[in-house]
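Student: For reference, this is my_file_38.txt, and it has compact mmCIF, C-alpha atoms.
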```txt
# COMPACT_ATOMS: atom_id res chain seq x y z
CA MET A 506 1.88 2.17 -9.32
CA THR A 507 2.02 -0.96 -7.19
CA LYS A 508 5.53 -2.32 -6.64
CA ILE A 509 5.94 -6.07 -6.19
CA LEU A 510 9.28 -7.59 -5.23
CA THR A 511 9.92 -11.23 -6.03
CA GLY A 512 12.46 -13.41 -4.28
CA GLY A 513 13.68 -16.92 -3.71
CA VAL A 514 14.72 -19.64 -6.12
CA GLY A 515 11.98 -18.82 -8.64
CA LYS A 516 12.16 -15.02 -8.51
CA VAL A 517 13.03 -14.57 -12.19
CA GLU A 518 10.26 -16.90 -13.34
CA VAL A 519 7.70 -15.21 -11.07
CA THR A 520 8.79 -11.77 -12.31
CA GLN A 521 8.37 -12.89 -15.93
CA ALA A 522 5.00 -14.54 -15.27
CA ILE A 523 3.57 -11.43 -13.65
CA GLY A 524 5.01 -9.28 -16.44
CA ARG A 525 3.20 -11.39 -19.04
CA LEU A 526 -0.11 -10.41 -17.43
CA GLY A 527 0.34 -7.00 -19.03
CA ILE A 528 -0.93 -4.98 -16.08
CA ASP A 529 0.57 -1.53 -16.60
CA SER A 530 0.05 -0.44 -13.00
CA LEU A 531 2.43 -3.13 -11.66
CA ASP A 532 6.17 -2.68 -11.26
CA VAL A 533 7.64 -6.15 -10.64
CA VAL A 534 11.29 -6.42 -9.61
CA PRO A 535 13.39 -9.45 -8.57
CA SER A 536 15.01 -8.92 -5.18
CA SER A 537 16.85 -10.63 -2.37
CA ASP A 538 14.89 -11.48 0.77
CA MET A 539 16.78 -8.98 2.93
CA ASP A 540 16.54 -6.14 0.41
CA ALA A 541 12.81 -6.78 0.03
CA ALA A 542 12.28 -6.71 3.79
CA MET A 543 14.02 -3.34 4.08
CA LYS A 544 12.13 -1.85 1.13
CA LEU A 545 8.78 -3.04 2.48
CA ARG A 546 9.55 -1.63 5.90
CA VAL A 547 10.28 1.88 4.58
CA GLY A 548 7.42 1.91 2.07
CA GLN A 549 9.49 1.49 -1.11
CA ALA A 550 7.51 -1.62 -2.09
CA ASP A 551 3.95 -2.81 -1.61
CA TYR A 552 4.21 -6.61 -1.79
CA TYR A 553 6.77 -9.41 -1.69
CA LEU A 554 6.28 -12.77 -3.40
CA GLY A 555 8.79 -15.41 -2.38
CA THR A 556 9.36 -18.89 -3.75
CA CYS A 557 11.10 -21.71 -1.95
CA HIS A 558 12.32 -25.09 -3.15
CA THR A 559 9.00 -26.76 -2.34
CA GLY A 560 6.96 -23.98 -3.97
CA ALA A 561 9.11 -23.40 -7.04
CA GLY A 562 9.03 -26.97 -8.31
```
Produce structure tokens that represent the structure in this file.
Tutor:
Amino acid sequence: MTKILTGGVGKVEVTQAIGRLGIDSLDVVPSSDMDAAMKLRVGQADYYLGTCHTGAG
């Protein structure tokens, strides 16, 4: 299973959008930036998708 962490101002919306794709092999979890960085570093997550004010609008 591929674990994707989402963060930033649009993390909930991104999590929901990816969930609607219906890909069973994805585990998508909203996260803070710092928590995501630590989880990526120790191999507890595969990807991080962040949204900022300019990208979430």
Student: Show me, as a PyMOL selection string, the residues that have an atom within 6 Å of segment 526-530 of chain A when counting all atoms listed in the file, minus same-chain residues fewer than 2 positions from it.
Tutor: chain A and resi 506+523-524
Student: Nearest to Ser536 of chain A among A:Gln521, A:Thr507, A:Gly513, A:Tyr552, with distances taken over all atoms listed in the file: which residue is it?
Tutor: A:Gly513
Student: Please report the interatomic distance between atom CA of Leu531 of chain A and atom CA of Thr559 of chain A in Å with one decimal.
Tutor: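 That distance, rounded to one decimal, is 26.2 Å.
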Student: Just checking: using all atoms listed in the file, which residue out of A:Met539, A:Cys557, A:Val547, A:Val534 ends up closest to Thr520 of chain A?
Tutor: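 Using all atoms listed in the file, the shortest distance to Thr520 of chain A belongs to A:Val534.
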Student: Quick one, how far is atom CA of His558 of chain A from atom CA of Lys516 of chain A?
Tutor: 11.4 Å
Student: Would you compute the distance between atom CA of Lys508 of chain A and atom CA of Gln549 of chain A? Give it in Å to one decimal.
Tutor: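 Separating atom CA of Lys508 of chain A from atom CA of Gln549 of chain A is a distance of 7.8 Å.
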Student: List the spatial neighbours of Val519 of chain A as a list in words - criterion: any atom at most 10 Å away, only C-alpha atoms, same-chain residues fewer than 4 positions off excluded.
Tutor: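 Neighbouring residues, sequence-local ones excluded: Leu510, Thr511, Gly512, Gly513, Val514, Gly515, Ile523, Gly524, Arg525, Val533, Val534, Pro535, Leu554, Gly555, Thr556 and Ala561 of chain A.
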Student: Taking all listed atoms of segment 544-562 of chain A, build the axis-aligned box, pad each of the six sides by 3 Å, then write its centre and edge lengths in Å to one decimal as AutoDock Vina command-line options.
Tutor:
```
--center_x 8.1 --center_y -12.5 --center_z -1.2 --size_x 14.4 --size_y 34.9 --size_z 20.2
```
